[in-house]
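Notes for the one structure printed next.
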Amino acid sequence: MKKQLIMTTLAMLTAVTTACSSGTGTGTSSGTTSAPAASTASGAAKTEPVELRLMWWGDQKRADRTNEALRKFEEKNPNIKIVGEFAPSSGYFDKLNTQLASGTAPDAFFLGGNVVDYANKNVLLEMDPYVGKELDLSDMDKSMIQYGTFKGKLLHVSAGANARGIVVNTELFKKAGIPVPKDGWTWEEFGKTSKEISDKLGKDVFGTYNFTVDGMDIYLKQRGKMLYDMDNAKLGFEQQDAEEWFGLWDSMTKAGGVVTPALQVSNPPSDTSKSLVVTGKVAMSLLASNQLGAHQNLIPDKLELVQLPRGPKGTGVVFESSQGLSGYAKTKHPKEVAMLMNYWINDPDAAKILGNDRGVPVTSKMRELLKKDANPVDQVIYDYTSRVSAATNKEPFAVSYNPPGNTEYTKLIETTVQEIGFGKKDVKKGVADFYTGTVKIFNNNK
């Protein structure tokens with residue numbers, strides 16, 4: 001009996017132990033059952049699958065690259081799935097705005113030069129809590145970080161960068177017997193070179209396109225000013241500043257070194273297919289670095305990039321964000337959004353897949369990585385953007401944003417350039433009307 005009682009007791013203890021260790025028991029009399037349950041729940045939280053939606057604009061080629069990069073991210077982060085959405089640039093922001101209005105926006109999405117509009121709407125996720133943790137910005141150019149910071153909050157992480165420069169047709173310089181310009185030249189030298197090219201190569205060849213419109217903010221920065229001072233919500237220049245800039249171009253045009261107004265209208269530099277740079281009729285123009293490849297592909301002459309002529313405070317050129325990532329303020333997965341951003345700018349595999357489709361990488365290590373295997377055209381781009389990055393570290397400039405009513409402003413300044421160019425107004429009258437109109441546009445769009 002005694003032996004049988006012992007065996008029965010052991011059997012009961014074994015049954016109790018088995019029930020407790022199964023994780024499915026309902027016993028609540030001791031901590032033995034709750035401890036493993038808590039551990040299991042904690043483990044589940046760490047590996048719980050997360051789904052992020054990401055939206056961007058572009059063509060199928062960009063979509064293929066982006067999706068390939070996202071699949072690589074998923075390999076490295078098995079608990080995160082990325083659902084990609086893309087649209088043509090023409091309809092992208094209408095789609096995004098609709099989703100934001102309905103509260104159904106993606107967890108992360110791409111923005112361009114209009115990022116300030118979305119920052120002001122308070123729909124962007126603040127990334128500062130993740131910097132130095134999930135998001136490493138230590139190798140990113142300071143101007144890029146500044147670009148995405150609004151009222152002291154980081155709301156945007158640039159995913160690609162460009163730098164504007166002077167594209168130079170080296171063959172035309174060779175034919176004219178003139179040395180190719182180098183970084184550090186002046187506006188006086190630029191004007192002299194433009195005229196000399198035109199004089200030596202004949203009336204059908206010009207030294208430069210007129211870039212009064214696109215170059216104005218750069219020229220202002222070279223003098224410690226800017227087109228639009230967003231921090232203080234005011235214009236960053238006076239009428240006299242504009243008069244000096246327009247006057248410089250008027251003088252160069254009358255000297256014969258600049259494309260005629262009629263040719264500029266019929267062959268705008270913004271239309272690569274019609275550009276006189278690619279037809280070998282213009283030796284220099286202002287160009288964003290990511291546009292060099294499109295130009296070089298259409299002309300046998302070798303093209304180079306040099307920095308803009310310097311002003312009293314330097315070149316005025318900074319790394320400009322081509323586009324970048326912002327998180328949705330209402331996302332349920334902010335940490336994972338930060339991880340995705342970090343992957344985009346710092347991961348070598350991402351850099352190799354994405355290339356410079358959205359501009360050159362915004363971190364120096366990734367630029368150096370791609371430069372090793374770059375083709376000759378991309379080598380020129382990487383060399384140039386690295387020089388710009390080094391220069392802005394020594395001579396930093398504030399990042400500029402489009403002024404309120406930018407579409408109206410752009411139309412006004414383009415009209416003013418034509419009115420002066422075609423002799424309808426002199427510089428003084430043209431600039432006076434331009435400045436008055438700019439102030440009015442700004443005040444109407446505050």
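Labels used: A, B, ... for chains in the order of the structure tokens, numbers from 1 for residues in each chain, and numbers from 1 for ligands as shown.
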
Open item on the list: I need the residues in region 12-252 of chain A that are alpha helix (DSSP H) according to DSSP; give them as a ChimeraX atom specification.
Closed with: /A:12-21,34-47,60-76,89-102,115-120,142-147,170-176,187-201,212-221,239-252

List as a Markdown table every residue of region 211-258 of chain A that is in contact with region 402-420 of chain A, defined as an atom at most 8 Å from one of its atoms (using only C-alpha atoms), together with the nearest atom pair and the distance in Å rounded to one decimal, sorted by chain and then rising number.
| residue | atom | partner | partner_atom | distance |
| --- | --- | --- | --- | --- |
| A:Thr212 | CA | A:Val417 | CA | 7.3 |
| A:Val213 | CA | A:Ile413 | CA | 6.4 |
| A:Leu227 | CA | A:Pro403 | CA | 7.4 |
| A:Tyr228 | CA | A:Pro403 | CA | 5.4 |
| A:Met230 | CA | A:Pro403 | CA | 7.9 |
| A:Leu235 | CA | A:Pro403 | CA | 7.9 |
| A:Phe246 | CA | A:Val417 | CA | 7.9 |
| A:Asp250 | CA | A:Ile420 | CA | 7.8 |

Task: Computed interatomic separation between CA of Ser158 (chain A) and CA of Phe109 (chain A) (Å) - done: 11.6 Å

Could you list, with a cut-off of 7 Å and counting only C-alpha atoms, the residues of region 144-168 of chain A near region 284-302 of chain A, each shown with its nearest atom pair and the distance in Å rounded to one decimal, rows sorted by chain and ascending number, as a tab-separated table?
residue	atom	partner	partner_atom	distance
A:Asn162	CA	A:Ser289	CA	5.5
A:Ala163	CA	A:Ser289	CA	5.5
A:Arg164	CA	A:Ala288	CA	4.2
A:Gly165	CA	A:Leu287	CA	5.5
A:Ile166	CA	A:Leu286	CA	4.8
A:Val167	CA	A:Met284	CA	5.4
A:Val168	CA	A:Met284	CA	4.8

Task: 12 Å contact set for Ala255 (chain A), only C-alpha atoms, chain neighbours under 6 positions out, as a list in words - done: Gly191, Lys192, Thr193, Ser194, Lys195, Glu196, Ile197, Ser198, Asp199, Phe206, Gly207, Leu248 and Trp249 of chain A

Go ahead and write the selection's residues with all heavy atoms as a tab-separated table (two decimals), in the first residue's frame.
chain	number	residue	atom	x	y	z
A	191	GLY	N	32.38	86.41	-67.67
A	191	GLY	CA	31.91	87.28	-68.76
A	191	GLY	C	32.95	87.41	-69.87
A	191	GLY	O	32.61	87.37	-71.05
A	192	LYS	N	34.19	87.56	-69.47
A	192	LYS	CA	35.28	87.69	-70.45
A	192	LYS	C	35.41	86.41	-71.28
A	192	LYS	O	35.58	86.46	-72.51
A	192	LYS	CB	36.59	87.99	-69.72
A	192	LYS	CG	37.78	88.17	-70.64
A	192	LYS	CD	39.04	88.45	-69.83
A	192	LYS	CE	40.26	88.59	-70.76
A	192	LYS	NZ	41.50	88.82	-69.98
A	193	THR	N	35.33	85.26	-70.61
A	193	THR	CA	35.44	83.98	-71.30
A	193	THR	C	34.28	83.76	-72.27
A	193	THR	O	34.47	83.28	-73.40
A	193	THR	CB	35.47	82.82	-70.27
A	193	THR	OG1	36.59	83.00	-69.40
A	193	THR	CG2	35.59	81.48	-70.97
A	194	SER	N	33.09	84.12	-71.85
A	194	SER	CA	31.91	83.97	-72.71
A	194	SER	C	32.06	84.76	-74.00
A	194	SER	O	31.79	84.25	-75.10
A	194	SER	CB	30.65	84.43	-71.97
A	194	SER	OG	30.42	83.66	-70.83
A	195	LYS	N	32.50	86.00	-73.88
A	195	LYS	CA	32.68	86.84	-75.06
A	195	LYS	C	33.79	86.29	-75.96
A	195	LYS	O	33.67	86.30	-77.19
A	195	LYS	CB	33.00	88.28	-74.63
A	195	LYS	CG	33.31	89.20	-75.81
A	195	LYS	CD	33.45	90.63	-75.38
A	195	LYS	CE	33.99	91.52	-76.52
A	195	LYS	NZ	33.30	91.32	-77.80
A	196	GLU	N	34.87	85.84	-75.34
A	196	GLU	CA	36.01	85.33	-76.12
A	196	GLU	C	35.61	84.10	-76.93
A	196	GLU	O	36.03	83.94	-78.09
A	196	GLU	CB	37.16	84.99	-75.16
A	196	GLU	CG	38.51	84.88	-75.85
A	196	GLU	CD	39.66	84.77	-74.87
A	196	GLU	OE1	39.43	84.88	-73.66
A	196	GLU	OE2	40.80	84.56	-75.34
A	197	ILE	N	34.83	83.22	-76.33
A	197	ILE	CA	34.33	82.03	-77.05
A	197	ILE	C	33.51	82.47	-78.26
A	197	ILE	O	33.70	81.98	-79.39
A	197	ILE	CB	33.46	81.15	-76.13
A	197	ILE	CG1	34.31	80.42	-75.10
A	197	ILE	CG2	32.63	80.16	-76.95
A	197	ILE	CD1	35.05	79.22	-75.60
A	198	SER	N	32.60	83.39	-78.05
A	198	SER	CA	31.74	83.87	-79.14
A	198	SER	C	32.55	84.54	-80.24
A	198	SER	O	32.32	84.32	-81.44
A	198	SER	CB	30.70	84.86	-78.59
A	198	SER	OG	29.83	84.22	-77.68
A	199	ASP	N	33.51	85.36	-79.86
A	199	ASP	CA	34.34	86.07	-80.83
A	199	ASP	C	35.18	85.12	-81.67
A	199	ASP	O	35.32	85.30	-82.89
A	199	ASP	CB	35.26	87.08	-80.12
A	199	ASP	CG	34.49	88.26	-79.54
A	199	ASP	OD1	33.32	88.45	-79.93
A	199	ASP	OD2	35.07	88.98	-78.70
A	206	PHE	N	27.90	80.55	-79.07
A	206	PHE	CA	27.83	81.49	-77.96
A	206	PHE	C	28.58	80.95	-76.74
A	206	PHE	O	28.68	79.73	-76.55
A	206	PHE	CB	26.36	81.74	-77.58
A	206	PHE	CG	25.55	82.33	-78.69
A	206	PHE	CD1	24.91	81.51	-79.61
A	206	PHE	CD2	25.44	83.70	-78.84
A	206	PHE	CE1	24.17	82.04	-80.65
A	206	PHE	CE2	24.69	84.25	-79.87
A	206	PHE	CZ	24.06	83.42	-80.79
A	207	GLY	N	29.05	81.87	-75.94
A	207	GLY	CA	29.79	81.47	-74.75
A	207	GLY	C	28.91	80.82	-73.71
A	207	GLY	O	29.29	79.82	-73.09
A	248	LEU	N	24.26	92.66	-64.68
A	248	LEU	CA	25.40	91.83	-65.09
A	248	LEU	C	25.08	91.08	-66.37
A	248	LEU	O	25.89	91.07	-67.32
A	248	LEU	CB	25.74	90.85	-63.96
A	248	LEU	CG	26.82	89.80	-64.26
A	248	LEU	CD1	28.17	90.48	-64.48
A	248	LEU	CD2	26.92	88.77	-63.13
A	249	TRP	N	23.92	90.48	-66.44
A	249	TRP	CA	23.53	89.72	-67.62
A	249	TRP	C	23.24	90.63	-68.82
A	249	TRP	O	23.55	90.27	-69.96
A	249	TRP	CB	22.33	88.84	-67.32
A	249	TRP	CG	22.76	87.61	-66.58
A	249	TRP	CD1	22.70	87.40	-65.24
A	249	TRP	CD2	23.39	86.46	-67.15
A	249	TRP	NE1	23.25	86.18	-64.93
A	249	TRP	CE2	23.67	85.58	-66.08
A	249	TRP	CE3	23.73	86.08	-68.44
A	249	TRP	CZ2	24.29	84.34	-66.28
A	249	TRP	CZ3	24.33	84.86	-68.65
A	249	TRP	CH2	24.61	84.01	-67.58

TODO: Do a neighbour search on region 220-226 of chain A at 9 Å with only C-alpha atoms, toss out local chain neighbours closer than 5 positions, and write the hits as a list of chain:residue names.
DONE: A:Gly215, A:Leu235, A:Gly236, A:Phe237, A:Asp241, A:Ala242, A:Trp245, A:Arg310, A:Gly311, A:Pro312, A:Lys313, A:Gly314, A:Thr315, A:Gly316, A:Val317, A:Phe397, A:Ala398, A:Ser400

Let's have the selection written as an mmCIF file, in the first residue's frame, with C-alpha atoms.
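That gives us result.cif:
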data_model
loop_
_atom_site.group_PDB
_atom_site.id
_atom_site.type_symbol
_atom_site.label_atom_id
_atom_site.label_comp_id
_atom_site.auth_asym_id
_atom_site.auth_seq_id
_atom_site.Cartn_x
_atom_site.Cartn_y
_atom_site.Cartn_z
ATOM 1 C CA GLY A 215 21.156 81.612 -60.932
ATOM 2 C CA LEU A 235 12.154 88.141 -48.924
ATOM 3 C CA GLY A 236 15.890 87.867 -48.523
ATOM 4 C CA PHE A 237 16.966 90.597 -50.969
ATOM 5 C CA ASP A 241 20.509 93.377 -55.333
ATOM 6 C CA ALA A 242 18.265 92.297 -58.204
ATOM 7 C CA TRP A 245 22.242 90.709 -61.085
ATOM 8 C CA ARG A 310 32.745 83.139 -56.891
ATOM 9 C CA GLY A 311 31.296 86.172 -55.172
ATOM 10 C CA PRO A 312 32.472 88.023 -52.055
ATOM 11 C CA LYS A 313 31.311 85.186 -49.781
ATOM 12 C CA GLY A 314 32.075 82.173 -51.966
ATOM 13 C CA THR A 315 30.279 80.152 -54.621
ATOM 14 C CA GLY A 316 26.839 80.160 -53.022
ATOM 15 C CA VAL A 317 26.361 76.551 -54.141
ATOM 16 C CA PHE A 397 25.437 78.602 -46.941
ATOM 17 C CA ALA A 398 21.882 78.572 -45.706
ATOM 18 C CA SER A 400 16.945 78.026 -49.662
#

- [ ] as an NGL selection string, list the residues of region 21-256 of chain A assigned to strand (DSSP E or B) by DSSP on the backbone atoms of this structure.
- [x] :A and (50-57 or 80-87 or 108-111 or 124 or 131 or 135 or 140 or 149-150 or 153-154 or 157-162 or 164-169 or 186 or 206-208 or 228-229 or 234-235)

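Using only C-alpha atoms, the smallest distance between any of A:Leu308, A:Met55, A:Val278, A:Val265 and Leu111 (chain A) comes from A:Met55.
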
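All residues of protein, DNA or RNA that reach within 9 Å of region 50-54 of chain A, judged by only C-alpha atoms and not counting those fewer than 5 positions away in the chain, are Asn79, Ile80, Lys81, Ile82, Val83, Gly84, Glu85, Phe86, Ala105, Pro106, Asp107, Ala108, Phe109, Phe110, Thr331, His333, Glu336 and Val337 of chain A.
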
Task: Selected residue of minimal separation from Gly421 (chain A) among A:Asn114, A:Gln239, A:Thr438, A:Ser251, counting only C-alpha atoms - done: A:Ser251

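For the atom pair formed by CA of Pro181 (chain A) and CA of Arg387 (chain A), the distance is 14.9 Å, given to one decimal.
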
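Counting only C-alpha atoms and comparing A:Leu305, A:Leu96, A:Ile218, A:Leu201, the residue that lies closest to Gly257 (chain A) is A:Leu201.
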
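Nearest residue to Leu124 (chain A) among A:Ala262, A:Val377, A:Ala329, A:Leu172 is A:Ala329, counting only C-alpha atoms.
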